[in-house]
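Colleague: Sending over a structure as C-alpha cells; questions will come in a sec.
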There are 4 protein chains.
Amino acid sequence: MAILCSSFCPCISTHLRGCPVFSRSRLTRFSVSIKAFSSQTSASTTKDEAPARVGFLGLGIMGSPMAQNLIKAGCDVTIWNRTKSKCDPLISLGAKYKSSPEEVAASCDVTFAMLADPQSAVDVACGEHGAANGMSPGKGYVDVSTVDGATSKLINGHIKATGALFLEAPVSGSKKPAEDGQLIFLTAGDRSLYDTAAPFLDIMGKSKFYLGDVGNGAAMKLVVNMIMGSMMASFSEGLVLGEKVGLDPGVLVEVVSQGAISAPMFSMKGPSMVQSLYPTAFPLKHQQKDLRLALGLAESVSQPTPIAAAANELYKAAKSRGLSDQDFSAVIEALKVKLQHQT
Amino acid sequence: MAILCSSFCPCISTHLRGCPVFSRSRLTRFSVSIKAFSSQTSASTTKDEAPARVGFLGLGIMGSPMAQNLIKAGCDVTIWNRTKSKCDPLISLGAKYKSSPEEVAASCDVTFAMLADPQSAVDVACGEHGAANGMSPGKGYVDVSTVDGATSKLINGHIKATGALFLEAPVSGSKKPAEDGQLIFLTAGDRSLYDTAAPFLDIMGKSKFYLGDVGNGAAMKLVVNMIMGSMMASFSEGLVLGEKVGLDPGVLVEVVSQGAISAPMFSMKGPSMVQSLYPTAFPLKHQQKDLRLALGLAESVSQPTPIAAAANELYKAAKSRGLSDQDFSAVIEALKVKLQHQT
Amino acid sequence: MAILCSSFCPCISTHLRGCPVFSRSRLTRFSVSIKAFSSQTSASTTKDEAPARVGFLGLGIMGSPMAQNLIKAGCDVTIWNRTKSKCDPLISLGAKYKSSPEEVAASCDVTFAMLADPQSAVDVACGEHGAANGMSPGKGYVDVSTVDGATSKLINGHIKATGALFLEAPVSGSKKPAEDGQLIFLTAGDRSLYDTAAPFLDIMGKSKFYLGDVGNGAAMKLVVNMIMGSMMASFSEGLVLGEKVGLDPGVLVEVVSQGAISAPMFSMKGPSMVQSLYPTAFPLKHQQKDLRLALGLAESVSQPTPIAAAANELYKAAKSRGLSDQDFSAVIEALKVKLQHQT
Amino acid sequence: MAILCSSFCPCISTHLRGCPVFSRSRLTRFSVSIKAFSSQTSASTTKDEAPARVGFLGLGIMGSPMAQNLIKAGCDVTIWNRTKSKCDPLISLGAKYKSSPEEVAASCDVTFAMLADPQSAVDVACGEHGAANGMSPGKGYVDVSTVDGATSKLINGHIKATGALFLEAPVSGSKKPAEDGQLIFLTAGDRSLYDTAAPFLDIMGKSKFYLGDVGNGAAMKLVVNMIMGSMMASFSEGLVLGEKVGLDPGVLVEVVSQGAISAPMFSMKGPSMVQSLYPTAFPLKHQQKDLRLALGLAESVSQPTPIAAAANELYKAAKSRGLSDQDFSAVIEALKVKLQHQT
C-alpha cells in the first residue's frame, strides 16, 4: 500500500516529504485539462510534502465506489456513513473509520461529502456533530452531492465561518462512471481548495471544471441537464415519427449514431427505447424536476427557453401517465398517442 | 491503374474474370456494416467477374470528390457534367467522358447521379437525352442527390419503365466527408441494386443503410435533420442561458463535450457560436426548410412533434433577423433578445 | 313581392327607376359599417335605378338560406345548383331557374357563388358552361365560398379576362348565422363590385369588410381561425387544469363568461365541453387544417407564431386519437392524459 | 341615510327589525346568480333584522371605491387605513373610523379587507392590533385582497381560531369596475359567511362565485389569468402576422370583434396595440408572474399545458426587452423581430 501511495496519492503542499508522482497516463490527461481551463493543479504537488489525509462522508451508490477509488490509489482515507455497516468493505480495504462527520473533519485535511439529497447534505455539514464542528483554517470541505444553489450557499456559509475553505463539486455521471473513475466534477467556490482537491478529483473522475462562485456548479449542472432533457424529447419525436412513416426505428438509431448528432446517450438508450423498455438510470421525475428548475433559472433572468418549455410539458405528460419512476427516456411514451375508445 | 483496379474496384456478378479483393482496412469496415444491417455485399464480389463500368452524372461540390474517390479506387468510371470543363480534372485522372446522361447510362452497368436540386435530378434522369433513355434491363441507376420523396418516386418510375433498377441514396455529410470517403448513404429502392452498388458506396462513404421502398431514404434524412434542428436550438438555449447566469459559455461547450450528450455537432459548432460566428456549412434557411418538411411529414400521419414545432419557430425568428444564409447554428441569435429603445 | 322589392331590394346604378329605400334598421346597420370602414355603399343606391338581377350558384347548407334571404328581401334572384331538386323550394319562393352557371351569369348583373370546396368553385366558375362564359363587362362575380388564395386568384383571372369584375368574399359564420342573415363577409378584389354588392351582402350578413387585393379575404379568414384555434386550446387547458386542482369546470366557464376574456365561443362550447360532448359545428380536422395553413402563411413571411405552433400540435394529438370529425372543441381530450396500463 | 338604508343595505339575520328590500334592478341581478350558482343569499335578508355593521380595512385604489359603494348603498360602514388621511373622504360620506383593524373587527359583524400584497394582508389580519384580535364567534372576515393560496390559508387559520368565520374573495376587475360596482368575486371558505356577505358583494360587484375550500379562490384566479395570458399572446400573433401579410391590423381587430372569438379584452386593447401603445392596466410582469404560478400549479398535478408554456416564454422575451412595467398587451412586441445590423 505504501508503494501504491508513493505512486499515486496526492499530497498537500503545506505538509512535508514523500510526494507522489503521477503515472504517465494521468499526467497526460491533466495536461489537457490545464490547456483548456488553466488549471494549476500540478503546482500543488511539488516535492517535500506529506500525503494528505482525506475524509469521505456518505457511502451510498455513488460514495462507495468513489471512496474506494481513492483508497485503491493509495490515499489515506477516513470514512463515515450514517449506517455504519456500509463502511466495512472499505475498512477492509484500508480505510480508517470515525463515528461522526465532526471527527472525520477534525482528523483530515480535505473532507469530501456525497449525500443523497439537500437535507442530508445540510445535516452532515451543519448539524449536531456535523463536519463544520471539526473544520478549521487550513482544512477544506468538498461537497460533491447534487444540491440546489441555495443549499450549497448555506453549507458554504457554515464552513467558511470556521475559517476553512469550501468547494461545491456536483458530479455528472452515475454509478458506472463512479466505479470507473470517469465522473465529471463541476466545481465552484474557493479556488485554492480546487487546486488542493484536484489530484483527488482526478482519481475519481475523468475531468473537472472550476466555475467561479459557489452556486455556479449547481447552475452548470442544471443547464446541461436542461439540454439533455430537450435532446431526449427530440430524439423521441424522431423515433416515433420515423416508425409512423414506415422507417425501422432500430435503423434510425444506427443512422443517428453515425453522424454529426451522434451522442452517447442516444446510443445507450436508443436500443431499449425501440423496444419500449426504460430501465431506470436517471428517473424521469428527476429529469422533469431539473427542467422545471432550469426554467426557473431562466425565469430569474428573463431568458426565453421555448424548447425546454415544450420539452417540460412532454415530461409532465409522461408523469401523468405514471412513468415518473422509469428512466427519463420513457418520455417517448408521451408521444405515442393511443386511440380513444370512448370520449 | 489496372493494378489498382485489380486491388480495389468492385465487380458486377453478371460479368466475368478479374475480381478485385479488398484491402484489409476496407474489409474491416465492411464487416461492421454487414454485422449491423445484414448487408450481403460480400456475396456480389465473388470470383470470376469483370470489373463493373460505373457512370457518374453531376460533378459539383459533392459529385467531383465522390467520382474522384471511385477513380482512385481503380474503378472504370465514365462521367458527364452539364458544364464540361468540370470533367477535365477527372479525365486527367483516368475517367472516360460521354456527352450526355443517355450515353453514360448506355455504356455503364451502374450509373450514379449527384445533382443540386430536384429539378436537375429529374432533367438528368428523365429529360431529353436523359439517363433513362440509356437504361435497360441489367443496368442500375443510383440517385445520390437529396430530393423529396415525390421527385424520387417520379425518377423511379421512368427508370423502372426501361426494365432497369433504381436506388435512391441521399447522403448525410457535406464536402469534407465527400472528399474523405466518409459519407453516409440512406438508400431505398431495389434491394438487388443496393447489393450491386454496395462496394461503390463503401468507397465513397463510411456507412450505408438500406431502408426499403423508394421514398424512405428521403424520409430518413428528414427525420434525422429534424432531430438535428431541435438539438441545435436546445444547445443554443443552454449557451445563452448559461452566459446570462454567469457561466462561461466556452466552459459549457467543454462540459457538454465530456458527457452523455456530447455530439460532434456541438464540438464543431460550439466554439464559433460562443464567438457569435456562424461560418456557413449548412445554411439556416435549409435547416428551417427541413424542419418545415418534417412537420409536414408528421402532419401527414397526425404525429405530434411539439419540440420540432417550437424549434421551427425559433429558426423562423432567426430568418426574420436576416440570418437565412448563415450557418444554422446562428439560430442562437434568435434567443438573444435585445433591449428596445422605443416601442 | 313588388312592394317588398321597393322596400328592401338593392338596385344597380346603371339601371333605371324604382330604387328601393332601406328600412330604418338596415340603414342604421349600414351607417355603422360606413363609419368603421368608409364604405360608400349608399352612393350606389341612388334614385332612378332598376332592381338588380342577382344570380346564385350553389344551394347547399350555406347557399340555400343565403339565397332565400335575398328572395325574401324582394331581390330578383336566378338560381342554379348541380342537383336541381335543391332549387325547388327556392323556385316556389319566387326564384328563377337556369340550367347552367353560364346561363345564370349571362342573365344577371351580379352572380354569387357558394361552393363546398376549391375544386367545385373552380369548376362552376371556369369549367364548361361555367359562369365565366356568361360574364362580360358591366357584370360582377362574387365568390363567397371559402377557398385558398391561389384558387381565388385563379378564378379572378378567368372572370377578369371577360371584362367583368370579381370579388372574393369568404364568410365567417355557419348554418345558423346564414339563416339569420348574420354572416360576416371578408371581401377583397374589385372595390366597385364591393360597392355594388354591398346591399346584398347586408341582406345576407351583419357586417362586411373590404380588404384590398384578391387573396386578402382568404388570408384574413386564416388569421382569425388561427387565433380561434389557439384560444380554444388555451381554454381547454384552463378547464382541464381547473378540474384537476379541484375547481368545478362548469363554474370556471361561468367565471370566464363574466370577465374581460368572455367570448361567445367559450359560452357556446364550454357547457358541452364540461360534459365531454363535442357536437360538430366546425370539425376538428378543419380547424387543424386552418392552423396548418396559417403556419404556412406565417412561414412564407418568416413570422414566428409559437402559440399557434403549440396549438397545432395539440390538434394533431387530438386527430391521432380519432377525434377528427368531432367538433374542434374536442381538442380538450388531447390534454386528458390517461394512465397507461402497460408500457 | 336611514331611508337609503331601508332601501339597499343588507341585514344580518341574527339581528332585529328594519330589513331593507332591494331595488328591482338589484333583485333581478340576484336571481341570475341564484339560478346559476344556487346561492341562498335571499334567505339571509328576511324581515325583522337589524342592518349589519360592516368593517372595511385598506382604502387604496381598489378599497376606497369599494367602501364608498357600500356607504352610498346605505350600509353602516366602519373604516381603517394605515394612512389615516385616506379615510377622510369616506368619513365625510358618513363612515365611522377606528384606529386599528382590531377595533374595526370588534365593532362590526362582517369585516372586509383589501390590501395591496400578501404581507400587508397577513399583518392587518394577524399582526399586533390586527383584525383577528377583534374577531369572535358570530363575526366574519372577508379578505378580498389577491394573495396566494398559502397566505390565504394562513389568515384563515388565525381567524378561525377565534371562532369567527373566514372567506377568501379575490376580485377580478380593476379600478374602473371597482368604482362602477362591477367587480367579480371568486370566494372560498365558510359557506355561511358567503351567504351573509353576499348582499355586500352584490353592492360592490356584478357577480360572485362560491368555490369551496379556502385556496380555491386563488386557484380560480390563476387559471383564468392563465387563459387570459395565452389569449393575449395568440391575439398578438394574429395582429403581427396579419400586418406582415398585408392586412390592416385595425380591420383585423374589427373582424375579431364581430365573431365567435370576440372578447372585451380584444376590443379594449386591440386599438392601442395597433398603434404600439400599451398604457398599463395590468402590468406585463404581473401577467408573466401569474403564468409562472399557473405553470407551477399545473406542475403540481402533472397537467401538461403546452400553450401556456409557450405563452410564458413570449412574456419572458418581452420582459427581456424592458417591457415589464408596460401593459401585458405589450407582449406583441416580442413577436416583432427586428433585423439585426451585425451579428
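If you're wondering about the labels, chains in the C-alpha cells are A, B, ... by order shown, residues count from 1 in each chain, ligands from 1 in order shown.
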Given a cut-off of 8 Å, which residues of chain B touch chain C, counting only C-alpha atoms, written out as an MDAnalysis selection string?
Modeller: chainID B and resid 299 302:306 309:310 313:314 316:317 319:320
Colleague: Just the selected residues (C-alpha atoms), exported as an mmCIF file, in the first residue's frame, please.
Modeller:
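Written file, part_37.cif:
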```
data_model
loop_
_atom_site.group_PDB
_atom_site.id
_atom_site.type_symbol
_atom_site.label_atom_id
_atom_site.label_comp_id
_atom_site.auth_asym_id
_atom_site.auth_seq_id
_atom_site.Cartn_x
_atom_site.Cartn_y
_atom_site.Cartn_z
ATOM 1 C CA GLU B 299 -48.786 16.231 -40.061
ATOM 2 C CA SER B 302 -51.052 13.105 -37.304
ATOM 3 C CA GLN B 303 -47.962 12.684 -35.147
ATOM 4 C CA PRO B 304 -47.439 15.433 -32.570
ATOM 5 C CA THR B 305 -43.880 16.827 -32.562
ATOM 6 C CA PRO B 306 -44.031 19.761 -30.152
ATOM 7 C CA ALA B 309 -42.599 22.793 -33.795
ATOM 8 C CA ALA B 310 -41.069 25.056 -31.149
ATOM 9 C CA GLU B 313 -40.485 28.905 -34.690
ATOM 10 C CA LEU B 314 -37.019 29.764 -33.451
ATOM 11 C CA LYS B 316 -38.247 31.374 -38.371
ATOM 12 C CA ALA B 317 -37.381 34.124 -35.904
ATOM 13 C CA LYS B 319 -34.754 34.105 -40.616
ATOM 14 C CA SER B 320 -36.695 37.259 -39.732
#
```
Colleague: Please return as a list in words: the residues of segment 100-337 of chain D that backbone DSSP assigns to strand (DSSP E or B).
Modeller: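 Put together, the selection reads Val110, Thr111, Phe112, Ala113, Gly140, Tyr141, Val142, Asp143, Leu165, Phe166, Leu167, Glu168, Val171, Ser172, Leu183, Ile184, Phe185, Leu186, Thr187, Ala188, Gly189, Gly205, Lys206, Ser207, Lys208, Phe209, Tyr210, Pro283 and Asp327 of chain D.
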Colleague: Write out as a list of chain:residue names which residues come within 12 Å of Thr162 of chain A when counting only C-alpha atoms, dropping same-chain ones fewer than 4 positions away.
Modeller: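 My list of contacting residues is A:Ala105, A:Ala106, A:Ala125, A:Cys126, A:Ala131, A:Ala132, A:Asn133, A:Gly134, A:Met135, A:Ser136, A:Pro137, A:Gly138, A:Lys139, A:Gly140, A:Tyr141, A:Ile155, A:Asn156, A:Gly157, A:His158, A:Phe166.
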Colleague: State, in Å with one decimal place, the distance from atom CA of Gly94 of chain B to atom CA of Ile71 of chain B.
Modeller: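 Going from atom CA of Gly94 of chain B over to atom CA of Ile71 of chain B covers 7.0 Å.
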Colleague: Would you please extract all alpha helix (DSSP H) residues from segment 191-305 of chain C, as assigned by DSSP on the backbone, and give them as a PyMOL selection string?
Modeller: chain C and resi 191-204+216-244+249-258+264-274+284-300
Colleague: Just want the 10 Å neighbourhood of Asp213 of chain B, counted on only C-alpha atoms, with same-chain residues fewer than 5 positions away dropped. Output as a ChimeraX atom specification.
Modeller: /A:246-247 /B:153,167-168,187-191
Colleague: Would you output that residue set with C-alpha atoms, as a PDB file, in the first residue's frame?
Modeller:
```pdb
ATOM      1  CA  GLY A 246     -42.576   3.262 -42.001  1.00  0.00           C
ATOM      2  CA  LEU A 247     -38.909   3.535 -41.046  1.00  0.00           C
TER       3      LEU A 247
ATOM      4  CA  LYS B 153     -40.723   8.309 -57.000  1.00  0.00           C
ATOM      5  CA  LEU B 167     -31.997   3.133 -55.878  1.00  0.00           C
ATOM      6  CA  GLU B 168     -32.478   6.454 -54.090  1.00  0.00           C
ATOM      7  CA  THR B 187     -30.722   4.096 -49.630  1.00  0.00           C
ATOM      8  CA  ALA B 188     -34.115   2.757 -50.663  1.00  0.00           C
ATOM      9  CA  GLY B 189     -35.494   1.011 -53.734  1.00  0.00           C
ATOM     10  CA  ASP B 190     -34.301  -2.139 -55.444  1.00  0.00           C
ATOM     11  CA  ARG B 191     -32.525  -4.326 -52.953  1.00  0.00           C
TER      12      ARG B 191
END
```
Colleague: For segment 52-59 of chain A, find every residue with an atom within 9 Å (counting only C-alpha atoms), except residues of its own chain fewer than 3 positions away, and show them as a ChimeraX atom specification.
Modeller: /A:9-13,15,49,62-67,70,75-83,86-87,101,104-105,107-116,124,200
Colleague: One decimal, Å: what's the distance from atom CA of Ala178 of chain D over to atom CA of Leu90 of chain D, could you say?
Modeller: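 Taking atom CA of Ala178 of chain D and atom CA of Leu90 of chain D, their separation equals 15.3 Å.
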Colleague: Of the residues A:Met220, A:Leu323, A:Val253, A:Ala198, which is the one nearest to Pro283 of chain A, using only C-alpha atoms?
Modeller: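 Comparing A:Met220, A:Leu323, A:Val253, A:Ala198 against Pro283 of chain A, the winner is A:Leu323.
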Colleague: Figure out the distance between atom CA of His129 of chain B and atom CA of Ser100 of chain B, please, to one decimal in Å.
Modeller: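 These two atoms are separated by 6.2 Å.
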